[in-house]
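Q: Dropping in final-v8.csv, with CSV, C-alpha atoms.
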chain,number,residue,atom,x,y,z
I,1,MET,CA,-69.2,19.0,-59.9
I,2,ALA,CA,-66.4,17.4,-57.9
I,3,LEU,CA,-67.5,15.7,-54.7
I,4,VAL,CA,-65.3,15.9,-51.6
I,5,ASN,CA,-64.2,12.8,-49.7
I,6,GLU,CA,-66.5,13.2,-46.8
I,7,HIS,CA,-64.5,10.9,-44.6
I,8,PHE,CA,-62.1,13.7,-44.1
I,9,LEU,CA,-64.9,15.7,-42.5
I,10,LYS,CA,-65.1,13.1,-39.7
I,11,LEU,CA,-61.6,13.9,-38.5
I,12,PRO,CA,-61.0,16.5,-35.7
I,13,ASP,CA,-60.4,20.0,-37.1
I,14,ASN,CA,-56.7,19.8,-36.2
I,15,TYR,CA,-54.0,17.2,-35.8
I,16,LEU,CA,-53.1,16.8,-32.1
I,17,PHE,CA,-49.8,18.7,-32.3
I,18,ALA,CA,-51.4,21.5,-34.3
I,19,ASP,CA,-53.8,22.0,-31.4
I,20,ILE,CA,-51.0,22.1,-29.0
I,21,ALA,CA,-49.1,24.7,-31.1
I,22,LYS,CA,-52.3,26.8,-31.2
I,23,ARG,CA,-52.6,26.9,-27.4
I,24,VAL,CA,-48.9,27.6,-26.9
I,25,ASN,CA,-49.0,30.4,-29.4
I,26,ALA,CA,-52.1,31.9,-27.7
I,27,PHE,CA,-50.3,31.7,-24.4
I,28,LYS,CA,-47.2,33.5,-25.8
I,29,ALA,CA,-49.3,36.2,-27.4
I,30,THR,CA,-51.3,37.0,-24.2
I,31,HIS,CA,-48.2,36.8,-22.0
I,32,LYS,CA,-45.8,38.5,-24.3
I,33,THR,CA,-43.1,35.8,-23.8
I,34,ASN,CA,-41.2,33.2,-25.6
I,35,ASP,CA,-39.9,31.7,-22.4
I,36,VAL,CA,-41.7,28.3,-22.9
I,37,ILE,CA,-39.9,24.9,-22.7
I,38,SER,CA,-41.5,22.1,-24.7
I,39,LEU,CA,-41.3,18.6,-23.4
I,40,GLY,CA,-44.3,17.7,-25.5
I,41,ILE,CA,-43.7,17.3,-29.2
I,42,GLY,CA,-41.3,14.4,-30.0
I,43,ASP,CA,-38.7,16.2,-32.1
I,44,VAL,CA,-35.0,15.8,-31.5
I,45,THR,CA,-32.7,18.6,-30.5
I,46,GLN,CA,-29.2,17.2,-30.8
I,47,PRO,CA,-27.2,17.8,-34.0
I,48,LEU,CA,-26.6,15.1,-36.5
I,49,CYS,CA,-23.5,13.0,-35.6
I,50,PRO,CA,-20.2,13.7,-37.3
I,51,ALA,CA,-20.3,10.5,-39.4
I,52,VAL,CA,-23.6,11.5,-40.9
I,53,ILE,CA,-22.5,15.1,-41.5
I,54,GLU,CA,-19.4,13.8,-43.4
I,55,ALA,CA,-21.6,11.5,-45.5
I,56,LEU,CA,-23.9,14.3,-46.3
I,57,HIS,CA,-21.1,16.6,-47.5
I,58,LYS,CA,-19.6,13.8,-49.6
I,59,ALA,CA,-23.0,13.1,-51.2
I,60,VAL,CA,-23.6,16.7,-52.0
I,61,ASP,CA,-20.1,17.0,-53.5
I,62,GLU,CA,-20.9,13.9,-55.6
I,63,MET,CA,-24.1,15.6,-56.9
I,64,SER,CA,-22.1,18.6,-58.1
I,65,THR,CA,-20.3,16.5,-60.7
I,66,ALA,CA,-21.6,14.9,-63.9
I,67,GLU,CA,-20.1,11.5,-62.9
I,68,GLY,CA,-21.5,11.6,-59.3
I,69,PHE,CA,-24.9,13.1,-60.0
I,70,HIS,CA,-28.0,11.0,-59.1
I,71,GLY,CA,-31.4,11.7,-60.4
I,72,TYR,CA,-34.4,9.5,-59.8
I,73,GLY,CA,-33.3,6.5,-57.7
I,74,PRO,CA,-35.0,3.2,-57.2
I,75,GLU,CA,-38.4,3.6,-55.6
I,76,GLN,CA,-37.5,0.8,-53.2
I,77,GLY,CA,-34.2,2.4,-52.2
I,78,TYR,CA,-30.6,2.1,-53.2
I,79,ALA,CA,-29.1,-1.4,-52.8
I,80,PHE,CA,-26.1,0.0,-50.7
I,81,LEU,CA,-28.5,1.1,-47.9
I,82,ARG,CA,-30.8,-1.9,-48.1
I,83,GLU,CA,-27.9,-4.4,-47.8
I,84,THR,CA,-26.4,-2.4,-45.0
I,85,ILE,CA,-29.8,-2.5,-43.1
I,86,LEU,CA,-30.1,-6.2,-43.6
I,87,LYS,CA,-26.6,-6.9,-42.3
I,88,ASN,CA,-26.7,-4.6,-39.3
I,89,ASP,CA,-30.3,-4.5,-38.1
I,90,PHE,CA,-31.5,-8.0,-38.7
I,91,LEU,CA,-28.8,-10.6,-39.3
I,92,PRO,CA,-27.2,-10.0,-35.8
I,93,ARG,CA,-30.6,-10.8,-34.3
I,94,GLY,CA,-30.9,-14.0,-36.3
I,95,ILE,CA,-33.4,-12.6,-38.7
I,96,HIS,CA,-33.0,-13.5,-42.4
I,97,LEU,CA,-34.5,-11.1,-44.9
I,98,ASP,CA,-34.3,-10.7,-48.7
I,99,ILE,CA,-33.1,-7.3,-49.9
I,100,ASP,CA,-36.4,-7.0,-51.9
I,101,GLU,CA,-38.3,-7.1,-48.7
I,102,ILE,CA,-36.8,-3.8,-47.6
I,103,PHE,CA,-38.4,-0.6,-48.8
I,104,ILE,CA,-36.6,2.7,-48.0
I,105,ASN,CA,-39.0,5.7,-47.4
I,106,ASP,CA,-38.9,9.3,-46.3
I,107,GLY,CA,-39.8,8.5,-42.7
I,108,ALA,CA,-42.0,5.9,-40.9
I,109,LYS,CA,-44.9,8.3,-40.6
I,110,SER,CA,-45.6,8.2,-44.4
I,111,ASP,CA,-45.6,4.4,-44.7
I,112,THR,CA,-47.6,3.8,-41.5
I,113,GLY,CA,-50.2,6.1,-42.9
I,114,ASN,CA,-50.1,4.8,-46.5
I,115,ILE,CA,-49.9,1.0,-45.7
I,116,GLN,CA,-53.6,0.8,-45.2
I,117,GLU,CA,-54.0,1.3,-49.0
I,118,LEU,CA,-53.1,-2.4,-49.4
I,119,ILE,CA,-56.4,-3.6,-47.8
I,120,ARG,CA,-60.1,-3.2,-48.5
I,121,TRP,CA,-61.9,-0.3,-47.0
I,122,ASP,CA,-64.2,-2.7,-45.0
I,123,ASN,CA,-61.5,-4.6,-43.1
I,124,SER,CA,-61.8,-4.4,-39.4
I,125,ILE,CA,-59.0,-2.9,-37.4
I,126,ALA,CA,-57.9,-3.0,-33.8
I,127,VAL,CA,-55.5,-0.6,-32.0
I,128,THR,CA,-53.8,-0.5,-28.7
I,129,ASP,CA,-55.2,2.5,-26.8
I,130,PRO,CA,-53.6,5.1,-26.4
I,131,ILE,CA,-51.9,5.1,-29.8
I,132,TYR,CA,-50.0,7.2,-32.3
I,133,PRO,CA,-52.9,9.3,-34.0
I,134,VAL,CA,-51.7,8.6,-37.6
I,135,TYR,CA,-52.9,5.0,-37.4
I,136,ILE,CA,-56.5,5.8,-36.9
I,137,ASP,CA,-56.6,9.0,-38.8
I,138,SER,CA,-55.3,7.4,-42.0
I,139,ASN,CA,-58.0,4.7,-41.7
I,140,ALA,CA,-60.7,7.3,-41.0
I,141,MET,CA,-59.7,9.1,-44.3
I,142,ILE,CA,-60.8,6.1,-46.3
I,143,GLY,CA,-63.9,5.4,-44.2
I,144,ARG,CA,-62.6,2.3,-42.4
I,145,ALA,CA,-62.8,3.8,-38.9
I,146,GLY,CA,-66.5,4.7,-39.0
I,147,ILE,CA,-67.8,7.6,-37.0
I,148,LYS,CA,-66.2,9.2,-33.9
I,149,ASP,CA,-68.5,9.7,-30.9
I,150,GLU,CA,-68.4,12.3,-28.2
I,151,ASN,CA,-66.1,10.1,-26.1
I,152,GLY,CA,-63.5,9.9,-28.8
I,153,HIS,CA,-64.3,6.3,-29.9
I,154,TRP,CA,-64.5,5.4,-33.6
I,155,SER,CA,-67.4,3.1,-34.3
I,156,ASN,CA,-65.5,0.6,-36.4
I,157,VAL,CA,-62.4,0.4,-34.4
I,158,THR,CA,-61.7,-2.3,-31.7
I,159,TYR,CA,-59.8,-0.6,-28.8
I,160,LEU,CA,-57.3,-2.5,-26.7
I,161,PRO,CA,-56.8,-0.4,-23.6
I,162,CYS,CA,-53.3,0.0,-22.2
I,163,THR,CA,-53.5,1.5,-18.7
I,164,ALA,CA,-51.8,1.3,-15.4
I,165,GLU,CA,-54.5,-1.2,-14.3
I,166,ASN,CA,-53.3,-3.7,-16.8
I,167,LYS,CA,-49.7,-2.7,-16.6
I,168,PHE,CA,-49.9,-1.3,-20.1
I,169,ILE,CA,-50.0,-4.8,-21.5
I,170,PRO,CA,-53.0,-5.0,-23.9
I,171,SER,CA,-55.3,-8.0,-24.0
I,172,LEU,CA,-55.8,-9.9,-27.2
I,173,PRO,CA,-59.1,-9.0,-28.9
I,174,ASP,CA,-62.1,-11.1,-27.7
I,175,HIS,CA,-63.2,-11.6,-31.4
I,176,ARG,CA,-61.5,-11.9,-34.7
I,177,VAL,CA,-60.2,-8.7,-36.4
I,178,ASP,CA,-58.5,-8.3,-39.8
I,179,VAL,CA,-55.7,-5.9,-38.9
I,180,ILE,CA,-53.9,-5.0,-35.6
I,181,TYR,CA,-51.7,-2.0,-35.1
I,182,LEU,CA,-48.9,-2.4,-32.5
I,183,CYS,CA,-46.1,0.1,-31.6
I,184,TYR,CA,-43.2,-1.0,-29.4
I,185,PRO,CA,-41.5,0.6,-27.7
I,186,ASN,CA,-44.8,2.4,-27.4
I,187,ASN,CA,-45.5,5.9,-28.4
I,188,PRO,CA,-47.0,7.5,-26.2
I,189,THR,CA,-46.6,5.4,-23.1
I,190,GLY,CA,-42.9,4.5,-23.4
I,191,THR,CA,-43.6,0.9,-22.4
I,192,VAL,CA,-42.4,-2.3,-24.0
I,193,LEU,CA,-43.6,-5.9,-24.6
I,194,SER,CA,-41.6,-8.9,-23.6
I,195,LYS,CA,-40.9,-11.6,-26.1
I,196,ALA,CA,-43.5,-13.9,-24.5
I,197,GLU,CA,-46.1,-11.2,-24.8
I,198,LEU,CA,-45.3,-10.4,-28.4
I,199,ARG,CA,-45.4,-14.1,-29.2
I,200,LYS,CA,-49.1,-14.1,-28.1
I,201,TRP,CA,-49.9,-11.5,-30.7
I,202,VAL,CA,-48.1,-13.4,-33.5
I,203,ASN,CA,-49.9,-16.6,-32.5
I,204,TYR,CA,-53.2,-14.8,-32.5
I,205,ALA,CA,-52.5,-13.4,-35.9
I,206,LEU,CA,-51.5,-16.7,-37.4
I,207,LYS,CA,-54.6,-18.5,-35.9
I,208,ASN,CA,-57.0,-15.8,-37.0
I,209,ASP,CA,-55.5,-14.9,-40.4
I,210,THR,CA,-54.9,-11.3,-39.1
I,211,LEU,CA,-52.4,-8.8,-40.4
I,212,ILE,CA,-50.1,-7.0,-37.9
I,213,PHE,CA,-48.7,-3.5,-38.7
I,214,TYR,CA,-45.8,-3.2,-36.3
I,215,ASP,CA,-44.2,0.1,-35.7
I,216,ALA,CA,-40.6,-0.3,-34.3
I,217,ALA,CA,-39.5,3.3,-34.7
I,218,TYR,CA,-38.0,3.5,-31.2
I,219,GLN,CA,-36.3,0.1,-31.0
I,220,ALA,CA,-32.9,1.6,-30.7
I,221,TYR,CA,-33.8,2.9,-27.3
I,222,ILE,CA,-34.3,-0.5,-25.8
I,223,GLN,CA,-31.8,-1.0,-23.0
I,224,ASP,CA,-32.5,-4.7,-22.3
I,225,ASP,CA,-31.4,-7.0,-25.1
I,226,SER,CA,-34.0,-9.7,-24.1
I,227,ILE,CA,-36.8,-7.3,-25.2
I,228,PRO,CA,-37.5,-7.8,-28.9
I,229,HIS,CA,-36.3,-5.2,-31.3
I,230,SER,CA,-38.2,-6.6,-34.2
I,231,ILE,CA,-41.4,-8.6,-34.5
I,232,TYR,CA,-39.5,-11.0,-36.8
I,233,GLU,CA,-37.7,-12.3,-33.7
I,234,ILE,CA,-40.9,-14.2,-33.2
I,235,ARG,CA,-41.3,-17.4,-35.2
I,236,GLY,CA,-44.0,-17.1,-37.8
I,237,ALA,CA,-44.1,-13.3,-37.9
I,238,ARG,CA,-43.0,-13.2,-41.5
I,239,LYS,CA,-46.4,-14.7,-42.4
I,240,CYS,CA,-48.4,-12.1,-40.6
I,241,ALA,CA,-46.5,-8.8,-40.0
I,242,ILE,CA,-45.2,-5.7,-41.7
I,243,GLU,CA,-42.6,-3.7,-39.7
I,244,PHE,CA,-41.8,0.0,-39.9
I,245,ARG,CA,-38.4,1.5,-38.9
I,246,SER,CA,-37.1,5.1,-38.8
I,247,PHE,CA,-33.9,7.0,-38.6
I,248,SER,CA,-35.7,10.0,-37.2
I,249,LYS,CA,-35.4,9.4,-33.5
I,250,THR,CA,-32.6,6.8,-33.8
I,251,ALA,CA,-30.1,9.2,-35.6
I,252,GLY,CA,-31.8,12.6,-35.5
I,253,PHE,CA,-33.2,12.4,-39.0
I,254,THR,CA,-36.5,14.3,-38.4
I,255,GLY,CA,-35.2,17.0,-40.8
I,256,VAL,CA,-33.4,14.7,-43.1
I,257,ARG,CA,-36.2,12.2,-43.7
I,258,CYS,CA,-35.3,8.5,-44.0
I,259,GLY,CA,-36.8,5.2,-42.8
I,260,TYR,CA,-37.8,1.9,-44.1
I,261,THR,CA,-40.5,-0.7,-44.2
I,262,ILE,CA,-40.3,-4.5,-44.2
I,263,VAL,CA,-42.9,-6.4,-46.3
I,264,PRO,CA,-42.0,-10.1,-46.2
I,265,LYS,CA,-42.6,-12.2,-49.3
I,266,ASP,CA,-44.3,-14.8,-47.2
I,267,LEU,CA,-47.1,-12.3,-46.3
I,268,THR,CA,-50.4,-12.7,-48.1
I,269,ALA,CA,-54.0,-11.4,-47.9
I,270,ALA,CA,-57.1,-12.8,-49.5
I,271,THR,CA,-59.5,-11.7,-52.3
I,272,LEU,CA,-63.2,-12.1,-51.8
I,273,GLN,CA,-62.9,-15.3,-53.8
I,274,GLY,CA,-60.3,-16.7,-51.3
I,275,GLU,CA,-57.3,-16.3,-53.5
I,276,ARG,CA,-54.1,-15.5,-51.5
I,277,ILE,CA,-52.2,-12.5,-52.8
I,278,PRO,CA,-48.7,-11.7,-51.8
I,279,LEU,CA,-48.4,-8.2,-50.4
I,280,ASN,CA,-44.8,-7.6,-51.2
I,281,PRO,CA,-45.3,-7.1,-54.9
I,282,LEU,CA,-48.4,-5.0,-54.2
I,283,TRP,CA,-46.5,-2.6,-52.0
I,284,ASN,CA,-43.7,-2.5,-54.6
I,285,ARG,CA,-46.4,-1.5,-57.2
I,286,ARG,CA,-47.8,1.1,-54.9
I,287,GLN,CA,-44.4,2.7,-54.2
I,288,SER,CA,-43.5,2.6,-57.9
I,289,THR,CA,-46.7,4.5,-58.7
I,290,LYS,CA,-46.9,7.0,-55.9
I,291,PHE,CA,-43.3,7.5,-54.6
I,292,ASN,CA,-40.2,8.7,-56.4
I,293,GLY,CA,-37.8,7.3,-53.8
I,294,THR,CA,-35.9,8.8,-50.9
I,295,SER,CA,-33.1,11.2,-51.9
I,296,TYR,CA,-29.7,9.8,-52.6
I,297,ILE,CA,-28.2,12.3,-50.1
I,298,SER,CA,-30.5,11.1,-47.3
I,299,GLN,CA,-29.8,7.5,-48.1
I,300,ARG,CA,-26.0,8.0,-48.0
I,301,ALA,CA,-26.5,9.8,-44.7
I,302,ALA,CA,-28.5,6.8,-43.4
I,303,ALA,CA,-25.8,4.3,-44.5
I,304,ALA,CA,-23.3,6.3,-42.4
I,305,VAL,CA,-25.3,5.5,-39.3
I,306,TYR,CA,-24.0,1.9,-39.6
I,307,THR,CA,-20.3,2.7,-39.9
I,308,PRO,CA,-18.2,2.0,-36.7
I,309,GLU,CA,-18.0,5.7,-36.1
I,310,GLY,CA,-21.6,6.3,-36.8
I,311,ARG,CA,-22.8,3.5,-34.6
I,312,GLN,CA,-20.8,4.8,-31.6
I,313,GLN,CA,-21.9,8.4,-32.2
I,314,VAL,CA,-25.6,7.4,-32.5
I,315,ARG,CA,-25.3,5.3,-29.3
I,316,GLU,CA,-23.9,8.4,-27.5
I,317,THR,CA,-26.8,10.6,-28.7
I,318,ILE,CA,-29.4,8.0,-27.6
I,319,GLY,CA,-27.6,7.8,-24.3
I,320,TYR,CA,-27.9,11.6,-24.0
I,321,TYR,CA,-31.6,11.5,-24.4
I,322,MET,CA,-32.0,8.5,-22.0
I,323,GLN,CA,-30.2,10.5,-19.4
I,324,ASN,CA,-32.9,13.1,-19.8
I,325,ALA,CA,-35.5,10.3,-19.5
I,326,ALA,CA,-33.9,9.0,-16.3
I,327,LEU,CA,-33.9,12.5,-14.8
I,328,LEU,CA,-37.5,13.1,-15.7
I,329,ARG,CA,-38.6,9.8,-14.3
I,330,GLU,CA,-36.6,10.2,-11.1
I,331,THR,CA,-37.9,13.7,-10.5
I,332,PHE,CA,-41.5,12.9,-11.2
I,333,LEU,CA,-41.4,10.0,-8.9
I,334,ARG,CA,-39.8,12.1,-6.2
I,335,LEU,CA,-42.6,14.7,-6.6
I,336,GLY,CA,-45.2,12.0,-6.0
I,337,PHE,CA,-46.4,11.5,-9.5
I,338,GLU,CA,-47.4,8.1,-11.0
I,339,VAL,CA,-45.1,7.8,-14.0
I,340,TYR,CA,-44.3,5.0,-16.6
I,341,GLY,CA,-41.9,4.5,-19.4
I,342,GLY,CA,-38.6,6.3,-19.8
I,343,GLU,CA,-36.6,3.1,-19.3
I,344,HIS,CA,-36.6,1.7,-22.9
I,345,ALA,CA,-38.0,4.7,-24.7
I,346,PRO,CA,-37.6,8.4,-24.9
I,347,TYR,CA,-41.2,9.0,-23.6
I,348,LEU,CA,-42.7,9.2,-20.2
I,349,TRP,CA,-46.4,8.7,-19.4
I,350,MET,CA,-47.6,10.4,-16.3
I,351,ARG,CA,-51.0,10.1,-14.6
I,352,THR,CA,-52.5,13.5,-13.8
I,353,PRO,CA,-53.1,14.2,-10.2
I,354,GLU,CA,-56.6,14.1,-8.6
I,355,ASN,CA,-58.3,12.9,-11.8
I,356,THR,CA,-57.5,16.2,-13.6
I,357,SER,CA,-58.4,16.0,-17.3
I,358,SER,CA,-55.4,15.8,-19.7
I,359,TRP,CA,-56.1,19.2,-21.4
I,360,LYS,CA,-56.8,20.9,-18.1
I,361,PHE,CA,-53.4,19.7,-16.7
I,362,PHE,CA,-51.8,20.8,-19.9
I,363,ASP,CA,-53.1,24.3,-19.5
I,364,GLU,CA,-52.3,24.4,-15.8
I,365,MET,CA,-48.7,23.4,-16.4
I,366,LEU,CA,-48.3,25.8,-19.4
I,367,TYR,CA,-49.6,28.8,-17.5
I,368,GLY,CA,-48.1,27.8,-14.1
I,369,ALA,CA,-44.7,26.5,-15.1
I,370,HIS,CA,-44.4,27.6,-18.8
I,371,VAL,CA,-43.7,24.0,-19.7
I,372,VAL,CA,-45.4,22.1,-22.5
I,373,CYS,CA,-46.5,18.4,-22.2
I,374,THR,CA,-48.8,16.4,-24.5
I,375,PRO,CA,-52.4,15.7,-23.4
I,376,GLY,CA,-52.8,11.9,-23.2
I,377,VAL,CA,-56.4,12.0,-24.5
I,378,GLY,CA,-55.0,13.1,-27.9
I,379,PHE,CA,-53.7,9.6,-28.3
I,380,GLY,CA,-57.1,7.9,-27.7
I,381,PRO,CA,-59.8,7.5,-25.1
I,382,SER,CA,-57.6,5.5,-22.7
I,383,GLY,CA,-55.1,8.4,-22.6
I,384,GLU,CA,-57.5,10.6,-20.7
I,385,GLY,CA,-56.1,11.4,-17.3
I,386,TYR,CA,-52.5,11.1,-18.5
I,387,VAL,CA,-49.9,13.4,-20.2
I,388,ARG,CA,-46.8,12.5,-22.2
I,389,PHE,CA,-43.3,14.0,-21.7
I,390,THR,CA,-40.4,13.6,-24.1
I,391,ALA,CA,-36.7,13.3,-23.3
I,392,PHE,CA,-35.6,15.0,-26.6
I,393,GLY,CA,-34.7,18.3,-25.1
I,394,SER,CA,-31.3,19.4,-24.1
I,395,HIS,CA,-29.9,18.6,-20.7
I,396,GLU,CA,-30.2,22.2,-19.7
I,397,GLN,CA,-33.8,22.6,-20.9
I,398,THR,CA,-34.9,19.4,-19.3
I,399,ALA,CA,-33.4,20.4,-15.9
I,400,GLU,CA,-34.8,23.9,-16.1
I,401,ALA,CA,-38.3,22.5,-17.0
I,402,LEU,CA,-38.2,20.2,-14.0
I,403,GLN,CA,-37.1,23.0,-11.7
I,404,ARG,CA,-40.0,25.1,-13.0
I,405,ILE,CA,-42.5,22.3,-12.5
I,406,GLU,CA,-41.2,21.8,-8.9
I,407,ARG,CA,-41.6,25.5,-8.1
I,408,TRP,CA,-45.0,25.6,-9.6
I,409,LEU,CA,-46.2,22.6,-7.5
I,410,LYS,CA,-45.0,24.4,-4.3
I,411,LEU,CA,-47.0,27.5,-5.0
Represent the structure of the file as structure tokens.
A:
Amino acid sequence: MALVNEHFLKLPDNYLFADIAKRVNAFKATHKTNDVISLGIGDVTQPLCPAVIEALHKAVDEMSTAEGFHGYGPEQGYAFLRETILKNDFLPRGIHLDIDEIFINDGAKSDTGNIQELIRWDNSIAVTDPIYPVYIDSNAMIGRAGIKDENGHWSNVTYLPCTAENKFIPSLPDHRVDVIYLCYPNNPTGTVLSKAELRKWVNYALKNDTLIFYDAAYQAYIQDDSIPHSIYEIRGARKCAIEFRSFSKTAGFTGVRCGYTIVPKDLTAATLQGERIPLNPLWNRRQSTKFNGTSYISQRAAAAVYTPEGRQQVRETIGYYMQNAALLRETFLRLGFEVYGGEHAPYLWMRTPENTSSWKFFDEMLYGAHVVCTPGVGFGPSGEGYVRFTAFGSHEQTAEALQRIERWLKL
């Protein structure tokens, strides 16, 4: 008989956002209303920019002709997009990459979950806490995370707490670990690391022969140019880090699906016999086997993001969301909440009042204000006592949600 992968049975019954949807649907069913505003799930709401729409139409028209039709593309991505990424995202910041170090994907979530296939199941991992759930869940699926206890801790995971008490700057591990997951600007806290702080992580990794998986999906929201947009701005990072990028939140591609991963040729990992193996060709082999490439249409759309018109239009959309973030932050502070983030990221991280648990505050706000947030504990043990808000709603919905919250608090 076939035997199930029992590591899947160690996972919670539902992914965090499935739990949220279940509670919201239950509320709507019992209250016979759809009048709920979500500031919880991080999906964008503004339409694709005109430059992208034009590129999509053009690519679709190409596909309707024998001369312009594209079937299977390169698993690594088309050269036109990889070269455009290199010239626009990295060279202006003094980062020199080879086109073969860029791998186009169907969104960063896929690669951040799949990248763990490159390392042995018994490698030790460390994560900043709270953290994007996919990092730990994907490791749990192969057995690397161990067992989850009643407090939400996985037995084989080193947690690096990020809380108000340490200003959301995690401390380096007090022991050696094989792999570290970092996400900056951070999801869920909305906080960032300075270049000096990020340099500490690269130095640790180089000293301890540690691999860093660096998620930079929200780098386009950084408002201060002195804050690093890429880990490769730090000397030596090519020897220790893989970086993930996405067009989902940068250009509204959550429904189009396109991103990319950087695997430097300098990056190696060891066999049990001590032989150093480059990870770039291994990832190329993995993608060639398991991935048929991102669609030609999506890649043409992504390339349009880098045109002069596309760049300006994307900046305007990001500015739109950051206006929401500023309003959320200003209002929450005025109402007396302790709130973080929202300055270099589309997320705000708010401490719940009077030590209320994350899920209890979620329910109270849902039932009292008809507004949805995300319980912080869903991102890890250190998220208990916090909730996350996103700035991805419309101006009108964001303003209405804040008015509802203010009225609810005054009841």
Q: Identify, on the basis of all atoms listed in the file, every residue whose closest approach to Phe80 of chain I does not exceed 12 Å; exclude the query and any residue fewer than 6 positions from it along the same chain; express the result as a list in words.
A: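 Selected residues are Gly73, Pro74, Leu86, Lys87, Ile99, Ile102, Ile104, Tyr296, Gln299, Arg300, Ala301, Ala302, Ala303, Ala304 and Tyr306 of chain I.
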Q: Between I:Leu48, I:Ile297, I:Ala401, I:Ala145, single out the one closest to Gly77 of chain I, counting all atoms listed in the file.
A: I:Ile297
Q: Kindly extract all protein, DNA and RNA residues lying within 8 Å of the coordinates (-35.3, 8.7, -42.7) given in the file, considering only C-alpha atoms, and supply them as a PyMOL selection string.
A: chain I and resi 105-108+246-248+253-254+256-260+298-299+302
Q: Nearest residue to Asp19 of chain I out of I:Gly378, I:Gly383, I:Gly293, I:Gly342, using only C-alpha atoms?
A: I:Gly378
Q: When you look at Phe17 of chain I with a cut-off of 10 Å (counting all atoms listed in the file), what residues show up, excluding the ones that are within fewer than 4 positions of it in the same chain? I need them as a list in words.
A: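 In the requested form, the answer reads Ala21, Lys22, Arg23, Gly40, Ile41, Gly42, Thr374, Pro375 and Gly378 of chain I.
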Q: In Å to one decimal, how far is atom CA of Ala217 of chain I from atom CA of Pro133 of chain I?
A: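 Between these atoms lies a distance of 14.7 Å.
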Q: Given all atoms listed in the file as the basis, pick out the residue of I:Leu328, I:Val371, I:Met322, I:Ile119 nearest to Ile142 of chain I.
A: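 Of the candidates, the smallest distance to Ile142 of chain I is held by I:Ile119.
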Q: For Trp408 of chain I, which residue out of I:Ile277, I:Met365, I:Val134, I:Leu91 is the nearest one, using only C-alpha atoms?
A: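 Smallest distance to Trp408 of chain I is found for I:Met365.
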Q: Which is closest to Ala26 of chain I among I:Asp363, I:Asp122, I:Glu67, I:Glu243, if we use all atoms listed in the file?
A: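 Distance minimum relative to Ala26 of chain I lands on I:Asp363.
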